[in-house]
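K.L.:
Pasting in a structure now, in structure tokens, and then I'll have a few things to ask.
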Amino acid sequence: MKNLSIYIHIPFCVRKCLYCDFLSAPASGKEMESYVNLLLREIKRHAIFYGDHRVISIFMGGGTPSILPARETGRILEQIRNSFFLAEDAEITVECNPGTVTAEKFEDYITYGINRLSIGLQSTDDGELSRIGRIHDYRCFLETYRLAREAGIRNINIDLMSGLPGQSVDSYVETLKKVIALEPEHISAYSLILEEGTELYVNQKNYCFPDEEADREMYRLTGEYLREAGFHRYEISNYARKGRECRHNRVYWQRGDYLGLGLGASSMVNNIRWKNQENGRAYAGCVARLEGAAACAPGGRAFADALRSAGLMEVQELSCKEQMEEFMFLGLRLMEGVDTREFERLFLISTQEVYGKSLAGLLEAGLIKRDGTQLRLTPRGIDLSNMVFAEFLL
């Protein structure tokens with residue numbers, strides 16, 4: 001039986017953060033209910049393609065999935081259970097923002113089988129939170145974290161951001177120390193990227209951002225403090241206690257099969273990539289056309305044609321060259337790196353034959369290292385990872 005991961009996009013939030021370029025917006029309760037009804041239809045219809053798949057992880061992202069009424073979250077997960085074969089030990093994650101949950105909602109989450117939370121904190125400094133448009137303060141986050149623990153959730157990720165307007169190295173270190181003291185199982189630490197079109201991007205001249213030297217120091221200290229606290233860095237931006245790595249995200253980096261459901265969600269199954277429509281009306285039309293599509297095995301030309309006929313976006317049958325590129329630059333995001341034997345098993349050609357010149361240059365520059373059959377980024381390679389990844393584009 002093949003493994004499958006499912007991503008559910010919930011495009012709703014209380015208000016958009018100033019750095020956010022994700023597909024999300026405020027919505028009424030009625031709009032949320034209508035959207036969930038569409039999702040249920042999409043889940044039910046897609047299930048006919050995946051009878052030979054076992055769902056090993058579900059990730060509800062957004063937006064702010066925790067803004068949904070608990071009963072709507074329950075309806076979504078119930079439909080997945082009724083439509084797919086869900087592994088008994090499946091990892092089920094919900095992204096959560098402080099201020100959008102109650103003790104009762106967390107208790108409902110436990111009832112629905114949710115066993116992992118990803119809480120968006122970003123900073124413990126209230127001034128920094130305000131400057132990026134977060135709806136909560138640090139005290140609100142602490143209450144949310146306490147309620148989650150009291151409800152019995154034993155696997156929690158906390159999101160942090162560096163490079164925020166008005167942030168200093170000292171204030172960032174204070175955030176790290178406070179979060180470490182809470183003893184979460186997982187921490188994701190990202191540097192702020194000014195995405196074109198966001199409020200921060202448009203008005204960046206009105207903000208004082210840390211300089212490049214301070215930003216690099218925050219990046220360095222993240223690894224140092226978390227390593228000393230017992231967190232294992234298993235991916236460029238992700239740290240976990242032993243055995244608490246995010247199963248769902250590893251599927252992305254290792255090119256496993258994943259199905260994206262909901263507005264704008266992306267999928268990759270059997271080397272076919274596609275994306276849902278980002279407009280609500282267009283998305284509803286795709287769901288309706290999928291309901292009329294004939295069942296076929298996921299993968300191959302017939303499946304790709306069915307997706308195109310339904311009006312899904314960016315349907316792409318990946319060439320062997322594109323698969324090799326992704327194997328390398330996605331796999332190298334993981335600290336364990338890529339296995340050259342697996343590359344040869346999949347593509348019937350060695351990494352040396354395909355990437356010999358690039359590998360020699362990267363090894364000589366000290367950006368990657370070879371441990372037996374594993375190729376890994378070095379600490380310097382992690383710092384210059386985008387440059388390294390570009391070397392694997394054929």
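Naming scheme: A, B, ... for chains in displayed order of the structure tokens; residues 1 onward per chain; ligands 1 onward as shown.
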Skip A:Ile92 itself and residues of its chain fewer than 4 positions away, then list as number ranges by chain all residues within 7 Å of it, counting only C-alpha atoms.
P.N.:
A: 57-59, 114-116
K.L.:
Please save C-alpha atoms of the selected residues as a PDB file, in the first residue's frame.
P.N.:
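What follows is the written file again.pdb:
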```
ATOM      1  CA  SER A  57      -0.353  12.489   7.852  1.00  0.00           C
ATOM      2  CA  ILE A  58      -2.886  15.298   7.654  1.00  0.00           C
ATOM      3  CA  PHE A  59      -1.905  18.957   7.928  1.00  0.00           C
ATOM      4  CA  ILE A 114      -5.689  15.798  16.309  1.00  0.00           C
ATOM      5  CA  ASN A 115      -2.356  14.964  17.913  1.00  0.00           C
ATOM      6  CA  ARG A 116      -0.074  17.826  16.869  1.00  0.00           C
TER       7      ARG A 116
END
```
K.L.:
Write down as a compact mmCIF listing (two decimals) with N, CA and C atoms, in the first residue's frame the residues belonging to stretch 138-387 of chain A that are assigned helix (DSSP H, G or I) by DSSP computed on the backbone.
P.N.:
```
# COMPACT_ATOMS: atom_id res chain seq x y z
N TYR A 138 2.29 38.25 23.81
CA TYR A 138 2.96 37.07 24.35
C TYR A 138 2.11 36.40 25.44
N ARG A 139 1.45 37.20 26.24
CA ARG A 139 0.61 36.63 27.31
C ARG A 139 -0.50 35.77 26.72
N CYS A 140 -1.08 36.21 25.62
CA CYS A 140 -2.13 35.44 24.94
C CYS A 140 -1.57 34.11 24.44
N PHE A 141 -0.35 34.15 23.88
CA PHE A 141 0.30 32.91 23.44
C PHE A 141 0.48 31.94 24.60
N LEU A 142 0.98 32.45 25.74
CA LEU A 142 1.21 31.58 26.89
C LEU A 142 -0.07 30.89 27.35
N GLU A 143 -1.18 31.62 27.30
CA GLU A 143 -2.46 31.04 27.69
C GLU A 143 -2.87 29.93 26.70
N THR A 144 -2.67 30.19 25.42
CA THR A 144 -2.99 29.19 24.41
C THR A 144 -2.15 27.94 24.62
N TYR A 145 -0.86 28.13 24.86
CA TYR A 145 0.05 26.99 25.08
C TYR A 145 -0.36 26.20 26.31
N ARG A 146 -0.72 26.91 27.38
CA ARG A 146 -1.15 26.24 28.62
C ARG A 146 -2.41 25.42 28.38
N LEU A 147 -3.38 25.99 27.69
CA LEU A 147 -4.63 25.27 27.42
C LEU A 147 -4.39 24.02 26.58
N ALA A 148 -3.48 24.13 25.61
CA ALA A 148 -3.18 22.97 24.76
C ALA A 148 -2.56 21.84 25.59
N ARG A 149 -1.63 22.19 26.45
CA ARG A 149 -1.00 21.17 27.30
C ARG A 149 -2.02 20.55 28.26
N GLU A 150 -2.86 21.38 28.84
CA GLU A 150 -3.85 20.86 29.79
C GLU A 150 -4.87 19.97 29.10
N ALA A 151 -5.12 20.21 27.82
CA ALA A 151 -6.06 19.37 27.07
C ALA A 151 -5.45 18.02 26.73
N VAL A 169 19.40 41.63 18.24
CA VAL A 169 19.95 40.31 18.57
C VAL A 169 19.56 39.94 20.00
N ASP A 170 19.62 40.90 20.91
CA ASP A 170 19.28 40.62 22.31
C ASP A 170 17.82 40.24 22.47
N SER A 171 16.92 40.94 21.78
CA SER A 171 15.49 40.61 21.93
C SER A 171 15.19 39.25 21.31
N TYR A 172 15.91 38.91 20.24
CA TYR A 172 15.71 37.59 19.63
C TYR A 172 16.21 36.48 20.55
N VAL A 173 17.34 36.70 21.19
CA VAL A 173 17.86 35.71 22.14
C VAL A 173 16.88 35.53 23.29
N GLU A 174 16.28 36.62 23.73
CA GLU A 174 15.28 36.53 24.80
C GLU A 174 14.10 35.67 24.36
N THR A 175 13.67 35.83 23.11
CA THR A 175 12.60 34.98 22.57
C THR A 175 13.02 33.52 22.59
N LEU A 176 14.22 33.22 22.11
CA LEU A 176 14.71 31.84 22.11
C LEU A 176 14.70 31.24 23.51
N LYS A 177 15.20 31.99 24.47
CA LYS A 177 15.29 31.48 25.84
C LYS A 177 13.90 31.19 26.43
N LYS A 178 12.96 32.10 26.20
CA LYS A 178 11.61 31.91 26.74
C LYS A 178 10.92 30.70 26.10
N VAL A 179 11.11 30.54 24.80
CA VAL A 179 10.46 29.42 24.11
C VAL A 179 11.10 28.10 24.52
N ILE A 180 12.40 28.06 24.63
CA ILE A 180 13.08 26.84 25.08
C ILE A 180 12.59 26.42 26.46
N ALA A 181 12.37 27.41 27.34
CA ALA A 181 11.92 27.12 28.71
C ALA A 181 10.55 26.45 28.73
N GLU A 199 2.12 44.29 3.06
CA GLU A 199 2.16 45.60 3.70
C GLU A 199 3.59 45.98 4.08
N LEU A 200 4.35 45.03 4.63
CA LEU A 200 5.72 45.32 5.02
C LEU A 200 6.59 45.66 3.81
N TYR A 201 6.34 44.95 2.72
CA TYR A 201 7.12 45.20 1.50
C TYR A 201 6.83 46.60 0.95
N VAL A 202 5.55 46.92 0.85
CA VAL A 202 5.15 48.20 0.26
C VAL A 202 5.64 49.38 1.08
N GLN A 204 8.19 49.33 3.46
CA GLN A 204 9.41 48.95 4.18
C GLN A 204 10.25 50.14 4.61
N LYS A 205 10.17 51.26 3.86
CA LYS A 205 10.96 52.44 4.23
C LYS A 205 10.52 53.04 5.56
N ASN A 206 9.33 52.66 6.02
CA ASN A 206 8.82 53.18 7.29
C ASN A 206 9.24 52.33 8.49
N GLU A 212 22.25 43.16 7.93
CA GLU A 212 22.63 41.81 7.52
C GLU A 212 23.46 41.10 8.57
N GLU A 213 24.36 41.84 9.22
CA GLU A 213 25.21 41.25 10.25
C GLU A 213 24.37 40.75 11.43
N ALA A 214 23.40 41.56 11.87
CA ALA A 214 22.53 41.16 12.98
C ALA A 214 21.67 39.96 12.58
N ASP A 215 21.18 39.97 11.35
CA ASP A 215 20.33 38.88 10.88
C ASP A 215 21.11 37.57 10.87
N ARG A 216 22.35 37.61 10.41
CA ARG A 216 23.18 36.39 10.38
C ARG A 216 23.51 35.93 11.79
N GLU A 217 23.69 36.87 12.71
CA GLU A 217 23.97 36.49 14.10
C GLU A 217 22.75 35.81 14.72
N MET A 218 21.55 36.31 14.44
CA MET A 218 20.34 35.65 14.93
C MET A 218 20.25 34.22 14.39
N TYR A 219 20.56 34.07 13.12
CA TYR A 219 20.54 32.75 12.46
C TYR A 219 21.52 31.80 13.15
N ARG A 220 22.73 32.30 13.42
CA ARG A 220 23.74 31.47 14.07
C ARG A 220 23.32 31.09 15.49
N LEU A 221 22.79 32.05 16.22
CA LEU A 221 22.42 31.80 17.61
C LEU A 221 21.22 30.85 17.71
N THR A 222 20.36 30.84 16.71
CA THR A 222 19.25 29.89 16.71
C THR A 222 19.78 28.47 16.81
N GLY A 223 20.71 28.12 15.93
CA GLY A 223 21.29 26.78 15.96
C GLY A 223 22.01 26.49 17.26
N GLU A 224 22.77 27.47 17.75
CA GLU A 224 23.57 27.27 18.96
C GLU A 224 22.68 27.03 20.19
N TYR A 225 21.70 27.90 20.40
CA TYR A 225 20.84 27.78 21.58
C TYR A 225 19.98 26.52 21.52
N LEU A 226 19.43 26.23 20.37
CA LEU A 226 18.56 25.07 20.28
C LEU A 226 19.34 23.76 20.39
N ARG A 227 20.53 23.72 19.84
CA ARG A 227 21.37 22.52 19.97
C ARG A 227 21.71 22.28 21.44
N GLU A 228 22.08 23.33 22.15
CA GLU A 228 22.43 23.19 23.57
C GLU A 228 21.22 22.77 24.39
N ARG A 247 6.44 14.67 10.47
CA ARG A 247 6.32 13.63 9.45
C ARG A 247 5.77 14.19 8.15
N HIS A 248 4.81 15.09 8.27
CA HIS A 248 4.16 15.63 7.08
C HIS A 248 5.15 16.41 6.22
N ASN A 249 5.93 17.30 6.83
CA ASN A 249 6.86 18.11 6.06
C ASN A 249 7.98 17.29 5.45
N ARG A 250 8.38 16.20 6.11
CA ARG A 250 9.40 15.34 5.53
C ARG A 250 8.93 14.73 4.21
N VAL A 251 7.62 14.51 4.09
CA VAL A 251 7.08 14.00 2.83
C VAL A 251 7.39 14.96 1.69
N TYR A 252 7.26 16.25 1.92
CA TYR A 252 7.57 17.24 0.88
C TYR A 252 9.04 17.16 0.47
N TRP A 253 9.93 17.13 1.46
CA TRP A 253 11.37 17.18 1.17
C TRP A 253 11.88 15.87 0.56
N GLY A 280 -12.47 31.61 -5.44
CA GLY A 280 -13.51 30.77 -4.83
C GLY A 280 -14.48 30.19 -5.83
N ARG A 281 -14.96 31.00 -6.76
CA ARG A 281 -15.93 30.51 -7.74
C ARG A 281 -15.28 29.49 -8.68
N ALA A 282 -14.04 29.77 -9.10
CA ALA A 282 -13.34 28.83 -9.98
C ALA A 282 -13.07 27.51 -9.26
N TYR A 283 -12.72 27.60 -7.97
CA TYR A 283 -12.49 26.39 -7.17
C TYR A 283 -13.77 25.56 -7.09
N ALA A 284 -14.91 26.20 -6.85
CA ALA A 284 -16.19 25.48 -6.79
C ALA A 284 -16.49 24.79 -8.11
N GLY A 285 -16.16 25.46 -9.23
CA GLY A 285 -16.37 24.84 -10.53
C GLY A 285 -15.51 23.62 -10.73
N CYS A 286 -14.26 23.66 -10.25
CA CYS A 286 -13.37 22.49 -10.35
C CYS A 286 -13.92 21.31 -9.56
N VAL A 287 -14.42 21.59 -8.36
CA VAL A 287 -14.98 20.51 -7.54
C VAL A 287 -16.16 19.86 -8.27
N ALA A 288 -17.01 20.68 -8.85
CA ALA A 288 -18.17 20.14 -9.58
C ALA A 288 -17.73 19.29 -10.77
N ARG A 289 -16.71 19.75 -11.51
CA ARG A 289 -16.24 18.98 -12.66
C ARG A 289 -15.54 17.70 -12.24
N LEU A 290 -14.84 17.74 -11.10
CA LEU A 290 -14.22 16.51 -10.58
C LEU A 290 -15.26 15.46 -10.26
N GLU A 291 -16.41 15.92 -9.76
CA GLU A 291 -17.48 14.98 -9.41
C GLU A 291 -18.00 14.24 -10.64
N ARG A 301 -0.83 9.75 -18.01
CA ARG A 301 -1.47 10.72 -18.88
C ARG A 301 -2.98 10.84 -18.63
N ALA A 302 -3.68 9.71 -18.42
CA ALA A 302 -5.13 9.76 -18.22
C ALA A 302 -5.48 10.57 -16.97
N PHE A 303 -4.69 10.37 -15.92
CA PHE A 303 -4.94 11.09 -14.68
C PHE A 303 -4.67 12.59 -14.87
N ALA A 304 -3.56 12.92 -15.51
CA ALA A 304 -3.23 14.32 -15.77
C ALA A 304 -4.31 14.98 -16.62
N ASP A 305 -4.80 14.26 -17.61
CA ASP A 305 -5.86 14.81 -18.46
C ASP A 305 -7.15 15.05 -17.69
N ALA A 306 -7.45 14.14 -16.72
CA ALA A 306 -8.65 14.31 -15.89
C ALA A 306 -8.53 15.57 -15.04
N LEU A 307 -7.33 15.83 -14.53
CA LEU A 307 -7.10 17.03 -13.72
C LEU A 307 -7.25 18.29 -14.57
N ARG A 308 -6.70 18.25 -15.77
CA ARG A 308 -6.81 19.40 -16.67
C ARG A 308 -8.26 19.65 -17.06
N SER A 309 -9.00 18.57 -17.32
CA SER A 309 -10.41 18.71 -17.71
C SER A 309 -11.25 19.32 -16.59
N CYS A 320 11.98 13.22 -16.24
CA CYS A 320 13.03 12.58 -15.45
C CYS A 320 14.03 13.62 -14.96
N LYS A 321 14.37 14.58 -15.81
CA LYS A 321 15.31 15.64 -15.44
C LYS A 321 14.77 16.44 -14.25
N GLU A 322 13.49 16.80 -14.30
CA GLU A 322 12.89 17.58 -13.22
C GLU A 322 12.82 16.78 -11.93
N GLN A 323 12.56 15.49 -12.04
CA GLN A 323 12.54 14.63 -10.86
C GLN A 323 13.92 14.55 -10.21
N MET A 324 14.96 14.46 -11.03
CA MET A 324 16.32 14.41 -10.48
C MET A 324 16.67 15.72 -9.79
N GLU A 325 16.30 16.83 -10.40
CA GLU A 325 16.57 18.13 -9.79
C GLU A 325 15.91 18.22 -8.41
N GLU A 326 14.63 17.85 -8.35
CA GLU A 326 13.90 17.94 -7.07
C GLU A 326 14.49 16.99 -6.03
N PHE A 327 14.86 15.79 -6.47
CA PHE A 327 15.46 14.82 -5.53
C PHE A 327 16.65 15.46 -4.83
N MET A 328 17.46 16.19 -5.58
CA MET A 328 18.67 16.76 -5.01
C MET A 328 18.39 18.01 -4.17
N PHE A 329 17.70 19.01 -4.75
CA PHE A 329 17.62 20.26 -3.99
C PHE A 329 16.58 20.23 -2.87
N LEU A 330 15.58 19.35 -2.96
CA LEU A 330 14.67 19.19 -1.83
C LEU A 330 15.31 18.31 -0.75
N GLY A 331 15.93 17.20 -1.18
CA GLY A 331 16.54 16.28 -0.21
C GLY A 331 17.68 16.90 0.56
N THR A 340 22.92 8.59 -2.50
CA THR A 340 23.24 8.41 -3.91
C THR A 340 22.79 7.05 -4.44
N ARG A 341 22.71 6.06 -3.56
CA ARG A 341 22.20 4.75 -3.99
C ARG A 341 20.72 4.84 -4.36
N GLU A 342 19.95 5.61 -3.59
CA GLU A 342 18.54 5.77 -3.89
C GLU A 342 18.36 6.54 -5.21
N PHE A 343 19.21 7.52 -5.44
CA PHE A 343 19.16 8.26 -6.71
C PHE A 343 19.35 7.29 -7.87
N GLU A 344 20.35 6.42 -7.77
CA GLU A 344 20.64 5.48 -8.86
C GLU A 344 19.52 4.45 -9.00
N ARG A 345 18.92 4.04 -7.89
CA ARG A 345 17.80 3.08 -7.96
C ARG A 345 16.61 3.70 -8.69
N LEU A 346 16.34 4.96 -8.42
CA LEU A 346 15.18 5.62 -9.03
C LEU A 346 15.39 5.98 -10.49
N PHE A 347 16.61 6.44 -10.82
CA PHE A 347 16.83 7.03 -12.14
C PHE A 347 17.75 6.21 -13.04
N THR A 351 24.68 9.74 -9.56
CA THR A 351 24.80 11.19 -9.35
C THR A 351 26.08 11.71 -10.01
N GLN A 352 27.10 10.87 -10.02
CA GLN A 352 28.37 11.28 -10.62
C GLN A 352 28.21 11.53 -12.12
N GLU A 353 27.46 10.67 -12.79
CA GLU A 353 27.25 10.83 -14.23
C GLU A 353 26.43 12.08 -14.54
N VAL A 354 25.47 12.39 -13.67
CA VAL A 354 24.59 13.54 -13.93
C VAL A 354 25.19 14.84 -13.41
N TYR A 355 25.77 14.79 -12.21
CA TYR A 355 26.18 16.02 -11.52
C TYR A 355 27.67 16.04 -11.17
N GLY A 356 28.47 15.25 -11.87
CA GLY A 356 29.88 15.13 -11.51
C GLY A 356 30.61 16.45 -11.36
N LYS A 357 30.48 17.33 -12.33
CA LYS A 357 31.18 18.62 -12.29
C LYS A 357 30.70 19.48 -11.13
N SER A 358 29.37 19.55 -10.95
CA SER A 358 28.81 20.35 -9.85
C SER A 358 29.23 19.80 -8.49
N LEU A 359 29.17 18.48 -8.34
CA LEU A 359 29.56 17.87 -7.07
C LEU A 359 31.01 18.15 -6.75
N ALA A 360 31.89 18.04 -7.76
CA ALA A 360 33.31 18.29 -7.53
C ALA A 360 33.54 19.72 -7.05
N GLY A 361 32.86 20.68 -7.68
CA GLY A 361 33.01 22.08 -7.30
C GLY A 361 32.49 22.36 -5.90
N LEU A 362 31.34 21.77 -5.57
CA LEU A 362 30.74 22.00 -4.25
C LEU A 362 31.56 21.34 -3.14
N LEU A 363 32.10 20.15 -3.42
CA LEU A 363 32.96 19.48 -2.43
C LEU A 363 34.23 20.27 -2.20
N GLU A 364 34.83 20.76 -3.28
CA GLU A 364 36.07 21.53 -3.16
C GLU A 364 35.84 22.84 -2.41
N PRO A 379 27.99 23.12 7.30
CA PRO A 379 27.47 24.35 7.91
C PRO A 379 27.56 25.56 6.97
N ARG A 380 28.67 25.67 6.23
CA ARG A 380 28.79 26.77 5.26
C ARG A 380 27.79 26.58 4.11
N GLY A 381 27.58 25.34 3.72
CA GLY A 381 26.62 25.06 2.67
C GLY A 381 25.20 25.43 3.07
N ILE A 382 24.88 25.23 4.36
CA ILE A 382 23.56 25.63 4.85
C ILE A 382 23.39 27.14 4.72
N ASP A 383 24.44 27.89 5.08
CA ASP A 383 24.38 29.35 4.98
C ASP A 383 24.18 29.80 3.54
N SER A 385 22.75 27.92 1.05
CA SER A 385 21.99 26.80 0.49
C SER A 385 21.36 27.12 -0.86
N ASN A 386 20.86 28.33 -1.05
CA ASN A 386 20.23 28.65 -2.34
C ASN A 386 21.22 28.56 -3.49
N MET A 387 22.46 28.96 -3.22
CA MET A 387 23.50 28.85 -4.24
C MET A 387 23.81 27.38 -4.54
```
K.L.:
Record the distance separating atom CA of A:Ala70 and atom CA of A:Glu107, expressed in Å with one decimal.
P.N.:
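Atom CA of A:Glu107 lies at a distance of 9.5 Å from atom CA of A:Ala70.
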K.L.:
Quick one, how far is atom CA of A:Trp274 from atom CA of A:Gln316?
P.N.:
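Atom CA of A:Gln316 lies 6.3 Å from atom CA of A:Trp274.
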K.L.:
Name all residues at most 10 Å from stretch 183-192 of chain A (count only C-alpha atoms; drop same-chain ones fewer than 3 positions away) and give them as a VMD selection string.
P.N.:
chain A and resid 19 116 to 120 122 145 149 154 to 165 176 178 to 180 195 209 215 to 216 218 to 219 222 to 223 226 229 to 233 235 to 246
